[in-house]
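Listing of query31.cif, mmCIF, C-alpha atoms
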data_coords
loop_
_atom_site.label_atom_id
_atom_site.label_comp_id
_atom_site.auth_asym_id
_atom_site.auth_seq_id
_atom_site.Cartn_x
_atom_site.Cartn_y
_atom_site.Cartn_z
CA MET Y 1 0.00 0.00 0.00
CA VAL Y 2 1.02 3.60 -0.41
CA ILE Y 3 0.51 6.80 1.50
CA VAL Y 4 -2.27 8.96 0.07
CA ARG Y 5 -3.96 12.28 0.78
CA ASP Y 6 -7.68 12.60 0.17
CA PRO Y 7 -9.29 15.93 1.02
CA GLU Y 8 -12.58 14.08 1.61
CA HIS Y 9 -11.05 11.80 4.24
CA SER Y 10 -9.26 12.70 7.47
CA ASP Y 11 -9.17 16.36 6.42
CA GLY Y 12 -6.56 15.50 3.81
CA ALA Y 13 -4.12 14.03 6.33
CA PRO Y 14 -1.75 11.41 4.91
CA THR Y 15 -3.30 7.96 5.30
CA ILE Y 16 -2.34 4.44 4.38
CA GLU Y 17 -4.21 3.68 1.16
CA GLY Y 18 -7.29 1.54 1.57
CA THR Y 19 -7.31 1.68 5.36
CA GLY Y 20 -8.15 5.22 6.41
CA ILE Y 21 -5.44 4.93 9.08
CA ARG Y 22 -3.55 8.18 9.40
CA VAL Y 23 0.24 8.25 9.28
CA LYS Y 24 0.29 10.48 12.36
CA ASP Y 25 -1.62 7.84 14.36
CA VAL Y 26 0.95 5.17 13.47
CA ALA Y 27 3.75 7.61 14.34
CA ALA Y 28 2.10 8.50 17.66
CA ALA Y 29 1.80 4.84 18.57
CA TYR Y 30 5.51 4.41 17.85
CA GLU Y 31 6.98 7.67 19.14
CA HIS Y 32 4.68 8.67 21.96
CA SER Y 33 3.13 5.42 23.17
CA GLY Y 34 6.25 3.31 22.74
CA TYR Y 35 4.76 0.53 20.61
CA GLU Y 36 7.11 -1.47 18.42
CA PRO Y 37 6.18 -1.81 14.72
CA ASP Y 38 5.00 -5.41 15.17
CA GLU Y 39 2.80 -4.29 18.09
CA ILE Y 40 1.29 -1.56 15.90
CA THR Y 41 0.08 -4.28 13.52
CA GLN Y 42 -1.88 -5.68 16.46
CA LEU Y 43 -3.40 -2.25 17.16
CA TYR Y 44 -4.27 -1.86 13.48
CA PRO Y 45 -4.91 -5.36 12.09
CA ASP Y 46 -5.49 -3.94 8.59
CA LEU Y 47 -1.80 -3.02 8.42
CA SER Y 48 1.08 -5.28 7.53
CA LEU Y 49 4.48 -4.79 9.09
CA ALA Y 50 5.61 -3.27 5.77
CA ASP Y 51 2.71 -0.79 5.94
CA VAL Y 52 3.80 0.32 9.41
CA HIS Y 53 7.39 0.81 8.28
CA ARG Y 54 6.20 2.66 5.17
CA ALA Y 55 4.06 4.98 7.33
CA LEU Y 56 6.96 5.61 9.71
CA ALA Y 57 9.32 6.29 6.81
CA TYR Y 58 6.81 8.79 5.37
CA TYR Y 59 6.46 10.40 8.79
CA TYR Y 60 10.20 10.84 9.25
CA ASP Y 61 10.65 12.02 5.64
CA HIS Y 62 8.05 14.74 6.32
CA ILE Y 63 8.68 15.30 10.03
CA ASP Y 64 8.77 19.10 9.73
CA ASP Y 65 5.30 19.10 8.18
CA PHE Y 66 3.92 16.97 11.00
CA ARG Y 67 5.61 18.90 13.78
CA SER Y 68 4.65 22.28 12.37
CA SER Y 69 0.96 21.38 12.12
CA SER Y 70 -1.22 22.95 14.77
CA SER Y 71 -2.45 19.63 16.15
CA GLU Y 72 -0.43 17.10 18.08
CA PRO Y 73 -0.37 13.49 16.89
CA ALA Y 74 -3.31 11.55 18.26
CA ALA Y 75 -2.51 9.30 21.17
CA VAL Y 76 -3.22 5.60 20.95
#

Could you quickly redo this structure as structure tokens?
Amino acid sequence: MVIVRDPEHSDGAPTIEGTGIRVKDVAAAYEHSGYEPDEITQLYPDLSLADVHRALAYYYDHIDDFRSSSSEPAAV
């Protein structure tokens, strides 16, 4: 799956295609809640381990965009 932005879903936030799961939610689970990538697949059963890593890679590639947004990442 790929990371997509759809203005009609999640206010255009980057999501994992076909799941509606926002990149920032995966990142929050990893960074703020301390979940390991394989544990995140248990939180979000629609995601494969590769999807989690892809979301985290997108997050870190665009970290300034995420950190400069007015809202904090959602907690899991």

Problem set entry | Residues selected by the PyMOL selection byres ((chain Y and resi 53) around 12), written as a list in words |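 So the PyMOL selection byres ((chain Y and resi 53) around 12) ends up selecting Met1, Val2, Ile3, Ile16, Val23, Val26, Ala27, Tyr30, Glu36, Pro37, Asp38, Glu39, Ile40, Thr41, Leu47, Ser48, Leu49, Ala50, Asp51, Val52, Arg54, Ala55, Leu56, Ala57, Tyr58, Tyr59, Tyr60 and Asp61 of chain Y.
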
Exercise. Suppose you want the space between atom CA of Y:Gly34 and atom CA of Y:His9; what is it in Å?
Worked result: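 Result for atom CA of Y:Gly34 versus atom CA of Y:His9: 26.7 Å, one decimal.
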
Exercise. Do you know which residues the PyMOL selection byres ((chain Y and resi 10) around 12) returns on this file, as a ChimeraX atom specification?
Worked result: /Y:4-9,11-16,19-25

Rebuild stretch 13-24 of chain Y so that it carries all heavy atoms, then output the result as a PDB file, in the coordinates of the input.
ATOM      1  N   ALA Y  13      -5.329  14.536   5.671  1.00  0.00           N
ATOM      2  CA  ALA Y  13      -4.120  14.030   6.330  1.00  0.00           C
ATOM      3  C   ALA Y  13      -3.606  12.799   5.584  1.00  0.00           C
ATOM      4  O   ALA Y  13      -4.393  12.026   5.038  1.00  0.00           O
ATOM      5  CB  ALA Y  13      -4.421  13.665   7.783  1.00  0.00           C
ATOM      6  N   PRO Y  14      -2.298  12.601   5.561  1.00  0.00           N
ATOM      7  CA  PRO Y  14      -1.750  11.410   4.910  1.00  0.00           C
ATOM      8  C   PRO Y  14      -2.270  10.144   5.599  1.00  0.00           C
ATOM      9  O   PRO Y  14      -2.228  10.030   6.823  1.00  0.00           O
ATOM     10  CB  PRO Y  14      -0.243  11.541   5.093  1.00  0.00           C
ATOM     11  CG  PRO Y  14      -0.004  12.976   5.417  1.00  0.00           C
ATOM     12  CD  PRO Y  14      -1.242  13.458   6.097  1.00  0.00           C
ATOM     13  N   THR Y  15      -2.789   9.225   4.783  1.00  0.00           N
ATOM     14  CA  THR Y  15      -3.300   7.960   5.300  1.00  0.00           C
ATOM     15  C   THR Y  15      -2.692   6.808   4.510  1.00  0.00           C
ATOM     16  O   THR Y  15      -2.157   6.997   3.424  1.00  0.00           O
ATOM     17  CB  THR Y  15      -4.834   7.875   5.193  1.00  0.00           C
ATOM     18  OG1 THR Y  15      -5.210   8.000   3.822  1.00  0.00           O
ATOM     19  CG2 THR Y  15      -5.520   8.947   6.025  1.00  0.00           C
ATOM     20  N   ILE Y  16      -2.816   5.632   5.061  1.00  0.00           N
ATOM     21  CA  ILE Y  16      -2.340   4.440   4.380  1.00  0.00           C
ATOM     22  C   ILE Y  16      -3.480   3.980   3.460  1.00  0.00           C
ATOM     23  O   ILE Y  16      -4.596   3.713   3.932  1.00  0.00           O
ATOM     24  CB  ILE Y  16      -1.940   3.355   5.385  1.00  0.00           C
ATOM     25  CG1 ILE Y  16      -0.805   3.909   6.262  1.00  0.00           C
ATOM     26  CG2 ILE Y  16      -1.511   2.083   4.672  1.00  0.00           C
ATOM     27  CD1 ILE Y  16      -0.633   3.221   7.570  1.00  0.00           C
ATOM     28  N   GLU Y  17      -3.200   3.951   2.184  1.00  0.00           N
ATOM     29  CA  GLU Y  17      -4.210   3.680   1.160  1.00  0.00           C
ATOM     30  C   GLU Y  17      -5.058   2.459   1.507  1.00  0.00           C
ATOM     31  O   GLU Y  17      -4.539   1.418   1.903  1.00  0.00           O
ATOM     32  CB  GLU Y  17      -3.539   3.459  -0.189  1.00  0.00           C
ATOM     33  CG  GLU Y  17      -4.505   3.252  -1.327  1.00  0.00           C
ATOM     34  CD  GLU Y  17      -3.793   3.045  -2.642  1.00  0.00           C
ATOM     35  OE1 GLU Y  17      -2.791   2.307  -2.671  1.00  0.00           O
ATOM     36  OE2 GLU Y  17      -4.230   3.636  -3.635  1.00  0.00           O
ATOM     37  N   GLY Y  18      -6.367   2.642   1.375  1.00  0.00           N
ATOM     38  CA  GLY Y  18      -7.290   1.540   1.570  1.00  0.00           C
ATOM     39  C   GLY Y  18      -7.642   1.231   3.010  1.00  0.00           C
ATOM     40  O   GLY Y  18      -8.447   0.340   3.269  1.00  0.00           O
ATOM     41  N   THR Y  19      -7.045   1.973   3.949  1.00  0.00           N
ATOM     42  CA  THR Y  19      -7.310   1.680   5.360  1.00  0.00           C
ATOM     43  C   THR Y  19      -7.950   2.836   6.097  1.00  0.00           C
ATOM     44  O   THR Y  19      -8.648   2.620   7.078  1.00  0.00           O
ATOM     45  CB  THR Y  19      -6.019   1.323   6.117  1.00  0.00           C
ATOM     46  OG1 THR Y  19      -5.192   2.483   6.208  1.00  0.00           O
ATOM     47  CG2 THR Y  19      -5.264   0.191   5.449  1.00  0.00           C
ATOM     48  N   GLY Y  20      -7.674   4.059   5.673  1.00  0.00           N
ATOM     49  CA  GLY Y  20      -8.150   5.220   6.410  1.00  0.00           C
ATOM     50  C   GLY Y  20      -7.337   5.506   7.662  1.00  0.00           C
ATOM     51  O   GLY Y  20      -7.644   6.421   8.416  1.00  0.00           O
ATOM     52  N   ILE Y  21      -6.290   4.742   7.896  1.00  0.00           N
ATOM     53  CA  ILE Y  21      -5.440   4.930   9.080  1.00  0.00           C
ATOM     54  C   ILE Y  21      -4.434   6.032   8.771  1.00  0.00           C
ATOM     55  O   ILE Y  21      -3.699   5.960   7.779  1.00  0.00           O
ATOM     56  CB  ILE Y  21      -4.745   3.620   9.472  1.00  0.00           C
ATOM     57  CG1 ILE Y  21      -5.800   2.568   9.817  1.00  0.00           C
ATOM     58  CG2 ILE Y  21      -3.780   3.845  10.630  1.00  0.00           C
ATOM     59  CD1 ILE Y  21      -5.262   1.157   9.955  1.00  0.00           C
ATOM     60  N   ARG Y  22      -4.424   7.030   9.627  1.00  0.00           N
ATOM     61  CA  ARG Y  22      -3.550   8.180   9.400  1.00  0.00           C
ATOM     62  C   ARG Y  22      -2.101   7.861   9.792  1.00  0.00           C
ATOM     63  O   ARG Y  22      -1.844   7.172  10.780  1.00  0.00           O
ATOM     64  CB  ARG Y  22      -4.027   9.382  10.214  1.00  0.00           C
ATOM     65  CG  ARG Y  22      -5.403   9.848   9.800  1.00  0.00           C
ATOM     66  CD  ARG Y  22      -5.889  10.999  10.600  1.00  0.00           C
ATOM     67  NE  ARG Y  22      -5.942  10.631  12.029  1.00  0.00           N
ATOM     68  CZ  ARG Y  22      -6.342  11.445  12.983  1.00  0.00           C
ATOM     69  NH1 ARG Y  22      -6.711  12.678  12.712  1.00  0.00           N
ATOM     70  NH2 ARG Y  22      -6.373  11.036  14.232  1.00  0.00           N
ATOM     71  N   VAL Y  23      -1.184   8.402   9.006  1.00  0.00           N
ATOM     72  CA  VAL Y  23       0.240   8.250   9.280  1.00  0.00           C
ATOM     73  C   VAL Y  23       0.564   8.766  10.677  1.00  0.00           C
ATOM     74  O   VAL Y  23       1.309   8.141  11.425  1.00  0.00           O
ATOM     75  CB  VAL Y  23       1.089   8.975   8.205  1.00  0.00           C
ATOM     76  CG1 VAL Y  23       2.542   9.074   8.621  1.00  0.00           C
ATOM     77  CG2 VAL Y  23       0.953   8.277   6.865  1.00  0.00           C
ATOM     78  N   LYS Y  24      -0.027   9.904  11.046  1.00  0.00           N
ATOM     79  CA  LYS Y  24       0.290  10.480  12.360  1.00  0.00           C
ATOM     80  C   LYS Y  24      -0.163   9.581  13.500  1.00  0.00           C
ATOM     81  O   LYS Y  24       0.442   9.606  14.564  1.00  0.00           O
ATOM     82  CB  LYS Y  24      -0.247  11.894  12.493  1.00  0.00           C
ATOM     83  CG  LYS Y  24      -1.731  12.025  12.666  1.00  0.00           C
ATOM     84  CD  LYS Y  24      -2.090  13.492  12.861  1.00  0.00           C
ATOM     85  CE  LYS Y  24      -3.550  13.683  13.177  1.00  0.00           C
ATOM     86  NZ  LYS Y  24      -3.846  15.094  13.448  1.00  0.00           N
TER      87      LYS Y  24
END
